[in-house]
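For reference, the structure discussed in these notes is given below.
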Amino acid sequence: MLRVLLLTLTVVAIAHAELCKPDAQNAFKVRLSIKTALGDNAYAWDANEEYLFKAMVAFAMRRYSSKSTTQISDVLLCNVTDRVSFWFVVTDSSQNMTAVPGSVVEAAIRMNRNRINSAFLLSDKTLQFLKITSTLSPPVEPSTPVWLIVFGVVLCLIVAGIVFLVVAGIQQRKNNRTPPSLIIDLAHTQGKTILYCCAELDRSLPLPLKIPSAAEAINICLGKS
């Protein structure tokens, strides 16, 4: 009985070794950069972390297909290095310990990539499945709706335009408004010119001591003052 048990274990170990080895048909290599990602908070990779990885892969397989009965024991790890890299393969115990097709494993990993990353506090860059392309992160939705942002920008432009037009109109009115002193000086200049023209025509016209305005000069020329 003991010999049969030992023989069975030996056959299983050999089968596992054939299924899980570098560059095997349905095997995947994983590389982790825990120190890079977590710095001083980095954790050690040990048997417990390996168990968690197997559990997450089994979870991914079950979640990907409701018909999957993958157990933790069906996930095999091999060639584990101190720099935390290893190969893994998923087996199907119901099919005489054959490997699950790599395409199925890849699809399951891609579907649950974020859940696996979160379990190890890593990202696609620090937990790399070398034969599986990284999944795109879901787009970040802004806290404020886009239409509200656009509406706010347009409203600000309208308000700014109105303020500009009002300020420009006031400034133009200020520029066009002639100061009272300038109006008086202009009137006196016109009056002086009118008065001198009349004096040239009528030498007997009395010239006032004070320079008159244009209206006053006209009255003087007409003999009303």
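Starting from 1 in every chain, residues are counted up; chains themselves are A, B, ... following the order of the structure tokens, and ligands are numbered from 1 as listed.
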Long-range neighbours of Ala27 of chain A as an mmCIF file with all heavy atoms, in the first residue's frame, 9 Å cut-off, only C-alpha atoms, 3 positions minimum in chain:
data_model
loop_
_atom_site.group_PDB
_atom_site.id
_atom_site.type_symbol
_atom_site.label_atom_id
_atom_site.label_comp_id
_atom_site.auth_asym_id
_atom_site.auth_seq_id
_atom_site.Cartn_x
_atom_site.Cartn_y
_atom_site.Cartn_z
ATOM 1 N N LEU A 19 4.417 19.653 -16.804
ATOM 2 C CA LEU A 19 3.452 20.700 -17.144
ATOM 3 C C LEU A 19 3.978 22.091 -16.812
ATOM 4 O O LEU A 19 3.782 23.034 -17.573
ATOM 5 C CB LEU A 19 2.132 20.461 -16.405
ATOM 6 C CG LEU A 19 1.324 19.226 -16.832
ATOM 7 C CD1 LEU A 19 0.128 19.047 -15.905
ATOM 8 C CD2 LEU A 19 0.854 19.360 -18.273
ATOM 9 N N CYS A 20 4.614 22.216 -15.658
ATOM 10 C CA CYS A 20 5.100 23.522 -15.202
ATOM 11 C C CYS A 20 6.606 23.591 -15.335
ATOM 12 O O CYS A 20 7.348 23.100 -14.466
ATOM 13 C CB CYS A 20 4.665 23.762 -13.748
ATOM 14 S SG CYS A 20 5.093 25.435 -13.161
ATOM 15 N N LYS A 21 7.051 24.185 -16.391
ATOM 16 C CA LYS A 21 8.474 24.419 -16.610
ATOM 17 C C LYS A 21 8.617 25.602 -17.555
ATOM 18 O O LYS A 21 7.668 25.950 -18.276
ATOM 19 C CB LYS A 21 9.147 23.177 -17.190
ATOM 20 C CG LYS A 21 8.587 22.750 -18.542
ATOM 21 C CD LYS A 21 9.269 21.475 -19.037
ATOM 22 C CE LYS A 21 8.710 21.045 -20.390
ATOM 23 N NZ LYS A 21 9.384 19.800 -20.870
ATOM 24 N N PRO A 22 9.773 26.264 -17.539
ATOM 25 C CA PRO A 22 9.948 27.451 -18.384
ATOM 26 C C PRO A 22 9.658 27.155 -19.849
ATOM 27 O O PRO A 22 10.058 26.115 -20.383
ATOM 28 C CB PRO A 22 11.423 27.813 -18.164
ATOM 29 C CG PRO A 22 11.724 27.278 -16.808
ATOM 30 C CD PRO A 22 10.940 26.013 -16.690
ATOM 31 N N ASP A 23 8.900 28.078 -20.435
ATOM 32 C CA ASP A 23 8.566 28.020 -21.857
ATOM 33 C C ASP A 23 7.694 26.827 -22.227
ATOM 34 O O ASP A 23 7.606 26.460 -23.411
ATOM 35 C CB ASP A 23 9.836 28.014 -22.721
ATOM 36 C CG ASP A 23 10.653 29.294 -22.546
ATOM 37 O OD1 ASP A 23 10.033 30.379 -22.469
ATOM 38 O OD2 ASP A 23 11.890 29.203 -22.471
ATOM 39 N N ALA A 24 7.021 26.244 -21.239
ATOM 40 C CA ALA A 24 6.053 25.193 -21.556
ATOM 41 C C ALA A 24 4.891 25.816 -22.329
ATOM 42 O O ALA A 24 4.639 27.023 -22.262
ATOM 43 C CB ALA A 24 5.570 24.517 -20.280
ATOM 44 N N TRP A 87 7.215 30.710 -12.768
ATOM 45 C CA TRP A 87 6.312 30.250 -13.818
ATOM 46 C C TRP A 87 5.116 29.577 -13.160
ATOM 47 O O TRP A 87 5.241 28.999 -12.084
ATOM 48 C CB TRP A 87 7.004 29.259 -14.752
ATOM 49 C CG TRP A 87 8.053 29.891 -15.629
ATOM 50 C CD1 TRP A 87 9.308 30.256 -15.266
ATOM 51 C CD2 TRP A 87 7.923 30.218 -17.009
ATOM 52 N NE1 TRP A 87 9.986 30.797 -16.316
ATOM 53 C CE2 TRP A 87 9.155 30.783 -17.418
ATOM 54 C CE3 TRP A 87 6.915 30.088 -17.949
ATOM 55 C CZ2 TRP A 87 9.384 31.220 -18.712
ATOM 56 C CZ3 TRP A 87 7.123 30.514 -19.249
ATOM 57 C CH2 TRP A 87 8.344 31.079 -19.621
ATOM 58 N N PHE A 88 3.972 29.648 -13.806
ATOM 59 C CA PHE A 88 2.805 28.933 -13.283
ATOM 60 C C PHE A 88 2.002 28.357 -14.428
ATOM 61 O O PHE A 88 2.065 28.834 -15.569
ATOM 62 C CB PHE A 88 1.941 29.848 -12.415
ATOM 63 C CG PHE A 88 1.015 30.741 -13.189
ATOM 64 C CD1 PHE A 88 -0.305 30.374 -13.457
ATOM 65 C CD2 PHE A 88 1.444 31.987 -13.663
ATOM 66 C CE1 PHE A 88 -1.157 31.195 -14.175
ATOM 67 C CE2 PHE A 88 0.589 32.812 -14.384
ATOM 68 C CZ PHE A 88 -0.717 32.417 -14.642
ATOM 69 N N VAL A 89 1.251 27.345 -14.107
ATOM 70 C CA VAL A 89 0.367 26.706 -15.068
ATOM 71 C C VAL A 89 -0.882 26.261 -14.323
ATOM 72 O O VAL A 89 -0.824 25.941 -13.129
ATOM 73 C CB VAL A 89 1.056 25.505 -15.757
ATOM 74 C CG1 VAL A 89 1.304 24.371 -14.768
ATOM 75 C CG2 VAL A 89 0.219 24.998 -16.923
ATOM 76 N N VAL A 90 -2.010 26.275 -14.999
ATOM 77 C CA VAL A 90 -3.268 25.843 -14.401
ATOM 78 C C VAL A 90 -3.623 24.484 -14.987
ATOM 79 O O VAL A 90 -3.650 24.318 -16.218
ATOM 80 C CB VAL A 90 -4.403 26.855 -14.685
ATOM 81 C CG1 VAL A 90 -5.706 26.379 -14.039
ATOM 82 C CG2 VAL A 90 -4.020 28.231 -14.162
ATOM 83 N N ALA A 99 -3.005 20.378 -18.747
ATOM 84 C CA ALA A 99 -2.964 21.824 -18.557
ATOM 85 C C ALA A 99 -4.163 22.485 -19.235
ATOM 86 O O ALA A 99 -4.571 22.102 -20.326
ATOM 87 C CB ALA A 99 -1.668 22.384 -19.125
ATOM 88 N N GLY A 102 -3.689 27.791 -22.643
ATOM 89 C CA GLY A 102 -3.163 29.099 -22.270
ATOM 90 C C GLY A 102 -4.083 30.247 -22.625
ATOM 91 O O GLY A 102 -4.139 31.259 -21.920
#
Could you pull out the strand (DSSP E) residues of segment 20-149 of chain A from DSSP and send them as an mmCIF file with C-alpha atoms, in the first residue's frame?
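Result file out30.cif:
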data_model
loop_
_atom_site.group_PDB
_atom_site.id
_atom_site.type_symbol
_atom_site.label_atom_id
_atom_site.label_comp_id
_atom_site.auth_asym_id
_atom_site.auth_seq_id
_atom_site.Cartn_x
_atom_site.Cartn_y
_atom_site.Cartn_z
ATOM 1 C CA PHE A 28 3.175 31.805 -17.938
ATOM 2 C CA LYS A 29 6.068 33.667 -16.352
ATOM 3 C CA VAL A 30 5.376 36.224 -13.613
ATOM 4 C CA ARG A 31 7.734 38.917 -12.372
ATOM 5 C CA LEU A 32 7.044 41.011 -9.265
ATOM 6 C CA VAL A 75 -2.414 26.013 -9.897
ATOM 7 C CA LEU A 76 1.218 24.938 -10.088
ATOM 8 C CA LEU A 77 4.225 27.188 -9.448
ATOM 9 C CA CYS A 78 7.775 26.383 -10.445
ATOM 10 C CA SER A 85 9.846 35.617 -10.537
ATOM 11 C CA PHE A 86 8.293 32.255 -11.308
ATOM 12 C CA TRP A 87 6.312 30.250 -13.818
ATOM 13 C CA PHE A 88 2.805 28.933 -13.283
ATOM 14 C CA VAL A 89 0.367 26.706 -15.068
ATOM 15 C CA VAL A 90 -3.268 25.843 -14.401
ATOM 16 C CA THR A 91 -4.199 22.171 -14.568
ATOM 17 C CA ASP A 92 -7.506 20.432 -14.997
ATOM 18 C CA THR A 98 -3.734 18.121 -18.267
ATOM 19 C CA ALA A 99 -2.964 21.824 -18.557
ATOM 20 C CA LEU A 127 3.167 42.599 -11.276
ATOM 21 C CA GLN A 128 3.941 41.486 -14.794
ATOM 22 C CA PHE A 129 2.510 38.488 -16.627
#
Original post:
Between atom CA of Phe120 of chain A and atom CA of Glu49 of chain A, what is the spacing in Å?
Top reply: 8.5 Å
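Picture a line from atom CA of Val154 of chain A to atom CA of Ala168 of chain A; it runs 20.9 Å.
Here the question is which of A:Phe164, A:Phe53, A:Trp45, A:Trp147 gets nearest to Ser73 of chain A using only C-alpha atoms, and that residue is A:Phe53.
Note that atom CA of Cys156 of chain A and atom CA of Ile170 of chain A are 21.2 Å apart.
Every protein or nucleic acid residue with an atom no more than 12 Å from Arg62 of chain A, counting only C-alpha atoms and leaving out same-chain residues fewer than 4 positions away, appears here: Ala55, Met56, Val57, Ala58, Ser66, Lys67, Ser68, Thr69, Thr70, Gln71, Ile72, Asp74, Val90, Val104, Val105, Ala107, Ala108, Ile109, Met111 and Asn112 of chain A.
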